[in-house]
Every structure is written in C-alpha cells, then in structure tokens.
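Novice: Got final-v2.csv for you, CSV, C-alpha atoms:
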```csv
chain,number,residue,atom,x,y,z
Z,3,MET,CA,96.2,86.7,101.3
Z,4,LYS,CA,99.3,86.0,99.0
Z,5,LYS,CA,98.8,89.3,97.2
Z,6,VAL,CA,98.6,91.3,100.4
Z,7,PHE,CA,101.7,89.5,101.8
Z,8,LEU,CA,103.6,90.2,98.5
Z,9,SER,CA,102.5,93.9,98.6
Z,10,ILE,CA,103.7,94.3,102.2
Z,11,PHE,CA,107.0,92.4,101.4
Z,12,SER,CA,107.7,94.5,98.3
Z,13,ILE,CA,107.1,97.8,100.1
Z,14,LEU,CA,109.3,96.8,103.0
Z,15,LEU,CA,112.0,95.6,100.7
Z,16,VAL,CA,112.2,98.8,98.8
Z,17,ASP,CA,111.9,100.9,102.0
Z,18,GLN,CA,114.7,99.1,103.7
Z,19,ILE,CA,117.0,99.1,100.7
Z,20,LEU,CA,116.6,102.9,100.4
Z,21,LYS,CA,117.2,103.4,104.1
Z,22,ILE,CA,120.2,101.2,104.4
Z,23,TYR,CA,121.8,102.7,101.3
Z,24,VAL,CA,121.3,106.2,102.5
Z,25,LYS,CA,122.5,105.3,106.0
Z,26,THR,CA,125.7,103.7,104.7
Z,27,HIS,CA,126.5,106.2,101.9
Z,28,PHE,CA,125.5,109.7,103.2
Z,29,GLU,CA,126.7,111.7,106.1
Z,30,LEU,CA,124.0,112.8,108.5
Z,31,GLY,CA,122.6,116.2,107.2
Z,32,SER,CA,123.9,115.8,103.7
Z,33,GLY,CA,122.1,115.1,100.4
Z,34,VAL,CA,122.1,115.2,96.7
Z,35,TYR,CA,120.0,117.3,94.3
Z,36,ILE,CA,117.9,115.1,92.0
Z,37,PHE,CA,115.7,117.6,90.1
Z,38,PRO,CA,113.9,120.9,90.9
Z,39,PHE,CA,112.2,120.7,94.3
Z,40,PHE,CA,113.5,117.2,95.1
Z,41,TRP,CA,116.5,116.1,97.2
Z,42,ILE,CA,117.7,112.9,98.7
Z,43,PHE,CA,118.7,114.4,102.1
Z,44,PHE,CA,119.7,112.2,105.0
Z,45,VAL,CA,118.2,112.9,108.5
Z,46,GLU,CA,117.5,110.7,111.4
Z,47,ASN,CA,114.2,111.0,113.3
Z,48,PRO,CA,114.0,109.8,116.9
Z,49,GLY,CA,110.3,110.7,117.0
Z,50,MET,CA,107.2,110.3,114.8
Z,51,ALA,CA,106.5,112.0,111.5
Z,52,TYR,CA,107.4,115.7,111.5
Z,53,GLY,CA,109.4,115.2,114.7
Z,54,ILE,CA,106.4,114.7,117.0
Z,55,TYR,CA,107.2,113.0,120.3
Z,56,LEU,CA,104.8,111.0,122.6
Z,57,ALA,CA,106.9,112.1,125.5
Z,58,PRO,CA,110.2,114.1,125.9
Z,59,GLY,CA,113.6,112.5,125.6
Z,60,TYR,CA,114.6,108.9,126.1
Z,61,LEU,CA,111.3,107.9,127.7
Z,62,GLY,CA,109.4,109.3,124.6
Z,63,LYS,CA,111.6,107.1,122.3
Z,64,ILE,CA,110.9,103.9,124.2
Z,65,ILE,CA,107.1,104.7,124.5
Z,66,LEU,CA,107.1,105.4,120.7
Z,67,SER,CA,108.8,102.0,119.9
Z,68,VAL,CA,106.3,100.2,122.2
Z,69,PHE,CA,103.4,102.1,120.5
Z,70,ARG,CA,104.7,101.1,117.1
Z,71,ILE,CA,104.8,97.4,118.1
Z,72,ILE,CA,101.3,97.5,119.5
Z,73,LEU,CA,100.0,99.3,116.4
Z,74,VAL,CA,101.6,96.8,114.0
Z,75,PHE,CA,100.1,93.9,116.0
Z,76,PHE,CA,96.6,95.3,116.0
Z,77,LEU,CA,96.7,96.3,112.3
Z,78,SER,CA,98.0,92.8,111.4
Z,79,VAL,CA,95.2,91.1,113.3
Z,80,PHE,CA,92.6,93.6,111.8
Z,81,LEU,CA,93.9,93.0,108.3
Z,82,TYR,CA,94.0,89.3,108.6
Z,83,LYS,CA,90.4,89.1,109.8
Z,84,LYS,CA,89.2,91.4,107.0
Z,85,ILE,CA,90.9,89.3,104.4
Z,86,LYS,CA,89.4,86.1,105.8
Z,87,LYS,CA,86.0,87.7,105.7
Z,88,GLU,CA,86.7,88.8,102.1
Z,89,SER,CA,86.1,92.4,102.9
Z,90,SER,CA,86.1,95.2,100.4
Z,91,ASN,CA,89.3,96.1,98.7
Z,92,TYR,CA,88.5,99.7,99.5
Z,93,LEU,CA,89.4,98.8,103.0
Z,94,ILE,CA,92.0,96.0,102.4
Z,95,ILE,CA,94.3,98.1,100.2
Z,96,PRO,CA,94.6,101.2,102.3
Z,97,THR,CA,95.1,99.1,105.4
Z,98,THR,CA,97.8,97.1,103.7
Z,99,PHE,CA,99.6,100.4,102.9
Z,100,ILE,CA,99.3,101.7,106.5
Z,101,LEU,CA,100.5,98.4,107.9
Z,102,SER,CA,103.5,98.2,105.5
Z,103,GLY,CA,104.6,101.7,106.5
Z,104,ALA,CA,104.1,101.0,110.2
Z,105,ILE,CA,106.3,97.9,109.9
Z,106,GLY,CA,108.9,99.8,107.9
Z,107,ASN,CA,109.4,102.5,110.5
Z,108,LEU,CA,109.2,99.9,113.3
Z,109,LEU,CA,112.1,98.0,111.9
Z,110,ASP,CA,114.2,101.2,112.0
Z,111,SER,CA,113.2,101.9,115.6
Z,112,VAL,CA,113.8,98.4,117.1
Z,113,LEU,CA,116.7,97.2,115.0
Z,114,TYR,CA,118.8,100.0,113.6
Z,115,GLY,CA,120.5,100.7,116.9
Z,116,LEU,CA,121.7,97.1,116.9
Z,117,LEU,CA,122.7,97.0,113.2
Z,118,PHE,CA,124.8,100.2,112.7
Z,119,ASP,CA,127.9,101.5,114.5
Z,120,THR,CA,126.7,105.1,114.6
Z,121,GLY,CA,123.4,107.0,114.9
Z,122,THR,CA,121.6,109.7,116.7
Z,123,ILE,CA,121.5,109.0,120.5
Z,124,TYR,CA,120.0,110.6,123.5
Z,125,ASP,CA,122.4,112.0,126.1
Z,126,LYS,CA,120.8,111.5,129.5
Z,127,GLU,CA,123.1,114.0,131.2
Z,128,SER,CA,122.5,116.9,128.8
Z,129,HIS,CA,119.0,115.7,127.9
Z,130,LYS,CA,119.7,116.3,124.3
Z,131,TRP,CA,119.8,114.2,121.1
Z,132,ILE,CA,123.4,113.9,119.9
Z,133,SER,CA,124.1,113.5,116.2
Z,134,TYR,CA,127.3,112.1,114.8
Z,135,THR,CA,129.8,112.7,112.0
Z,136,GLY,CA,131.0,110.4,109.2
Z,137,ILE,CA,129.2,107.6,107.4
Z,138,SER,CA,127.6,104.7,109.3
Z,139,LYS,CA,128.6,101.1,108.8
Z,140,ILE,CA,126.8,97.9,109.5
Z,141,ASN,CA,128.2,96.4,112.7
Z,142,LEU,CA,126.3,93.6,114.2
Z,143,SER,CA,128.6,93.2,117.2
Z,144,ASN,CA,128.7,96.8,118.4
Z,145,GLY,CA,125.6,98.8,117.5
Z,146,TYR,CA,125.1,102.4,118.5
Z,147,ALA,CA,122.0,101.8,120.7
Z,148,ALA,CA,120.0,99.1,122.4
Z,149,PHE,CA,116.9,97.3,121.1
Z,150,MET,CA,114.0,99.7,120.5
Z,151,GLU,CA,116.3,102.7,120.7
Z,152,GLY,CA,117.2,103.2,117.0
Z,153,CYS,CA,116.2,106.2,114.9
Z,154,VAL,CA,114.1,106.2,111.8
Z,155,VAL,CA,116.0,107.1,108.6
Z,156,ASP,CA,114.4,109.8,106.4
Z,157,MET,CA,115.5,110.9,103.0
Z,158,PHE,CA,112.9,112.5,100.7
Z,159,TYR,CA,113.0,116.3,100.8
Z,160,PHE,CA,110.9,118.6,98.7
Z,161,PRO,CA,111.8,122.3,99.4
Z,162,ILE,CA,109.2,123.7,97.0
Z,163,ILE,CA,109.7,127.2,98.3
Z,164,ASP,CA,112.8,128.4,100.2
Z,165,THR,CA,113.2,132.1,100.2
Z,166,TYR,CA,113.2,135.2,102.4
Z,167,ILE,CA,110.2,137.5,102.7
Z,168,PRO,CA,111.0,141.1,101.4
Z,169,THR,CA,112.1,143.4,104.2
Z,170,TRP,CA,109.5,146.0,103.3
Z,171,ILE,CA,106.6,143.7,104.5
Z,172,PRO,CA,105.7,144.8,108.0
Z,173,PHE,CA,106.3,142.4,111.0
Z,174,ILE,CA,107.5,139.4,109.0
Z,175,GLY,CA,109.9,141.1,106.5
Z,176,GLY,CA,113.3,139.6,106.3
Z,177,SER,CA,112.2,136.2,107.8
Z,178,ARG,CA,112.7,133.0,106.0
Z,179,PHE,CA,109.8,131.2,104.4
Z,180,HIS,CA,110.3,127.5,103.9
Z,181,PHE,CA,107.7,125.2,102.2
Z,182,PHE,CA,107.7,122.1,102.2
Z,183,GLN,CA,110.2,121.5,105.0
Z,184,PRO,CA,109.6,117.9,106.4
Z,185,VAL,CA,111.9,115.1,105.3
Z,186,PHE,CA,110.2,111.7,105.1
Z,187,ASN,CA,110.7,108.1,103.9
Z,188,LEU,CA,108.8,105.6,101.8
Z,189,SER,CA,107.1,104.2,104.9
Z,190,ASP,CA,105.7,107.6,105.8
Z,191,PHE,CA,104.6,108.1,102.2
Z,192,VAL,CA,102.6,104.8,102.0
Z,193,ILE,CA,101.0,105.5,105.4
Z,194,PHE,CA,99.9,108.9,104.0
Z,195,ILE,CA,98.5,107.3,100.9
Z,196,GLY,CA,96.7,104.7,102.9
Z,197,VAL,CA,95.0,107.3,105.1
Z,198,ILE,CA,94.1,109.4,102.0
Z,199,LEU,CA,92.5,106.3,100.3
Z,200,LEU,CA,90.5,105.6,103.5
Z,201,PHE,CA,89.2,109.1,103.4
Z,202,ILE,CA,88.4,109.1,99.7
Z,203,PHE,CA,86.6,105.8,99.8
Z,204,LYS,CA,85.0,106.1,103.2
Z,205,ASN,CA,81.5,106.1,101.7
Z,206,LYS,CA,82.2,103.0,99.7
Z,207,ILE,CA,83.6,101.3,102.7
Z,208,LYS,CA,80.6,102.2,104.8
Z,209,HIS,CA,78.3,100.6,102.2
Z,210,ALA,CA,80.5,97.6,101.6
Z,211,LYS,CA,80.2,94.4,103.7
Z,212,ILE,CA,83.4,94.8,105.8
Z,213,PHE,CA,82.3,93.5,109.2
```
Could you write out this structure as structure tokens?

Specialist:
Amino acid sequence: MKKVFLSIFSILLVDQILKIYVKTHFELGSGVYIFPFFWIFFVENPGMAYGIYLAPGYLGKIILSVFRIILVFFLSVFLYKKIKKESSNYLIIPTTFILSGAIGNLLDSVLYGLLFDTGTIYDKESHKWISYTGISKINLSNGYAAFMEGCVVDMFYFPIIDTYIPTWIPFIGGSRFHFFQPVFNLSDFVIFIGVILLFIFKNKIKHAKIF
C-alpha cells in the first residue's frame, strides 16, 4: 500500500510541478524547442485527450469534470480492494498509473480555474472557447473560472513530421501533412502506459489470482 501511495504521490508531484511551471512561465500557444521532434509547447485543453468532448460547450466541460471525479473514485476503490487481496502486480501497477494520471488531470479540471487569474473560458453568448494573452499568475482570491471549470494544461509536443505534400500528387498535393500533432501532459502519458501494460499483460492477469 505504501509503495502504491508513494508512486501516485510522486507522479502527481512531478505532473503538477510541470503544469504549474508551464502555466506561469509560458504564454498560451508558445513553446521552446528542446531537441529534434520535441517541444515544450503550452496549450490548454477544456476537453479530454486529443480534444474529445463528452458534450458540446460548457455542459460538456461540467460533464467531463463530473466523469473524472466518478472515474477517480471507482479506480481508487478498485485499486484498494486489489491491494488488500494481494492481487498480481500485473494488474496493480498499470491501475496505479491510470489512477495517477486520472487524478492529475482531475486536479487541473476542478482546481485550476480557482488557482490562476487567467485561462481558457467558455463564452456562453458566442458559444466559443476564448483564449487569453500574457502569462498566468496564481491568484487564490480571483480565479478565472469556478470549481470544476478549469482547463487541463498540456505541454509535450512531438511534431515528428511537419511538411507539405508535393503539388504534383493528385487530389492531396499542396496540403499540409502533420504527424504527430497532439499535445499532451505527464498524466496523459502515464494513463497511456497503464493501458498499454494492461494490454501486454492481459494473459498473465487472466491467469493470476486477482479476484
């Protein structure tokens, strides 16, 4: 139990340090080149990974925040029970990663609107997400949004290919080809690793005593 708690705490600590640093040192839509195919590039995501929404606009944002809370609750209960039953590490470790990532993005969603003075907000009149200029500051007395209305901070960007297709190619010539375009954070990454580990070790999990 202590090792699992320490793992979750360590992932959350690094995740939040990265997010808070980027939020308070970068302008939205700006970044720095680290090495080939890798940027630290600041974007805010009001939806899920890859900009997926559970519902359009403001309603989708609230539904997503509630969904994250429910997900974290059930994952926590599930992980606690499996640890108590001394289930296989092939299940415990991936679940720990997924829970850590879910909590990390949940913290952004429910708290960042209260903690920072500026952020991406939804304009109910124009029905559009409105970005901001400048660098955000921590402001506990005057946040940019209410509880559960904050946006997730993303910063890892790997534009492996960013070019234009030759004009002589029929139909698609001259269009831009961009791979890999999504910007993500540490929480997204550990969730991805957790899911991949569950897939890789699914046979071992099936044959282990986990229930």

Novice: Can you measure CA of Ser189 in chain Z to CA of Ala104 in chain Z for me? One decimal in Å is fine.

Specialist: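 A separation of 6.9 Å between them.
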
Novice: Select, from Z:Phe99, Z:Phe158, Z:Phe80, Z:Phe28, the residue with the minimum atom-to-atom distance to Pro184 in chain Z, counting all atoms listed in the file.

Specialist: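 Checking each candidate against Pro184 in chain Z, we get Z:Phe158 as the closest.
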
Novice: Which polymer residues have any atom within 10 Å of an atom of Phe69 in chain Z, counting all atoms listed in the file, with same-chain residues fewer than 5 positions away left out, as a VMD selection string?

Specialist: chain Z and resid 56 63 to 64 74 to 75 108

Novice: Record the distance separating CA of Val112 in chain Z and CA of Lys25 in chain Z, expressed in Å with one decimal.

Specialist: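 CA of Lys25 in chain Z lies at a distance of 15.7 Å from CA of Val112 in chain Z.
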
Novice: Compare Z:Lys208, Z:Lys5, Z:Gly103, Z:Phe203 by their minimum atom-to-atom distance to Asp17 in chain Z, counting all atoms listed in the file, and give me the closest one.

Specialist: Z:Gly103

Novice: What would the list of residues within 12 Å of (110.8, 132.0, 100.5) (file frame) look like as a PyMOL selection string, if all atoms listed in the file are what count?

Specialist: chain Z and resi 161-168+174-183

Novice: Fewer than 5 positions away in the same chain doesn't count, so skip those; otherwise give me all residues within 9 Å of Phe11 in chain Z, counting only C-alpha atoms, as a list in words.

Specialist: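 Selected residues are Val6, Val16 and Ser102 of chain Z.
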
Novice: So which one's closest to Ile65 in chain Z, Z:Glu151, Z:Lys130, Z:Leu101, Z:Lys204? Using all atoms listed in the file, please.

Specialist: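 Of Z:Glu151, Z:Lys130, Z:Leu101, Z:Lys204, the one nearest Ile65 in chain Z, counting all atoms listed in the file, is Z:Glu151.
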
Novice: Given the choices Z:Gly115, Z:Lys84, Z:Ser90, Z:Thr169, which gets closest to Ala148 in chain Z if the distance is worked out from all atoms listed in the file?

Specialist: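 For Ala148 in chain Z, the nearest of the given residues is Z:Gly115.
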
Novice: Of the candidates Z:Phe76, Z:Trp170, Z:Trp41, Z:Tyr60, which shows the shortest atom-to-atom distance to Cys153 in chain Z, using only C-alpha atoms?

Specialist: Z:Tyr60

Novice: Can you tell me how far CA of Leu200 in chain Z sits from CA of Ile94 in chain Z, in Å to one decimal?

Specialist: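 If I compute the distance from CA of Leu200 in chain Z to CA of Ile94 in chain Z, I get 9.8 Å.
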
Novice: Using all atoms listed in the file, pick whichever of Z:Val24, Z:Leu117, Z:Leu199, Z:Leu61 has the shortest atom-to-atom distance to His129 in chain Z.

Specialist: Z:Leu61

Novice: Show which residues sit within 7 Å of Ile42 in chain Z, as a compact mmCIF listing (two decimals) with C-alpha atoms, in the frame of the given file. Count all atoms listed in the file, and ignore same-chain residues fewer than 5 positions away.

Specialist:
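File part_35.txt, as written:
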```txt
# COMPACT_ATOMS: atom_id res chain seq x y z
CA GLY Z 33 122.10 115.10 100.40
CA VAL Z 34 122.10 115.20 96.70
CA TYR Z 35 120.00 117.30 94.30
CA MET Z 157 115.50 110.90 103.00
CA PHE Z 158 112.90 112.50 100.70
CA TYR Z 159 113.00 116.30 100.80
```

Novice: Residues near Leu142 in chain Z, anyone? I mean within 9 Å using all atoms listed in the file, not counting same-chain ones fewer than 6 positions away, as a list in words.

Specialist: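 Residues near the query, excluding close chain neighbours: Leu116, Leu117, Phe118 and Asp119 of chain Z.
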
Novice: For C-alpha atoms, I'd like the residues from the last selection saved as a PDB file, keeping the file's coordinate frame.

Specialist:
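The result, stored in selection_5.pdb:
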```pdb
ATOM      1  CA  LEU Z 116     121.700  97.100 116.900  1.00  0.00           C
ATOM      2  CA  LEU Z 117     122.700  97.000 113.200  1.00  0.00           C
ATOM      3  CA  PHE Z 118     124.800 100.200 112.700  1.00  0.00           C
ATOM      4  CA  ASP Z 119     127.900 101.500 114.500  1.00  0.00           C
TER       5      ASP Z 119
END
```

Novice: Could you please give me, as a list in words, the residues of protein, DNA or RNA lying at most 9 Å from (112.5, 106.0, 103.6) in the coordinate frame of the file, considering all atoms listed in the file?

Specialist: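 The residues near that point, listed by chain and number, are Val16, Asp17, Gln18, Ile19, Leu20, Lys21, Val24, Gly106, Asn107, Val154, Val155, Asp156, Met157, Phe158, Phe186, Asn187, Leu188, Ser189, Asp190 and Phe191 of chain Z.
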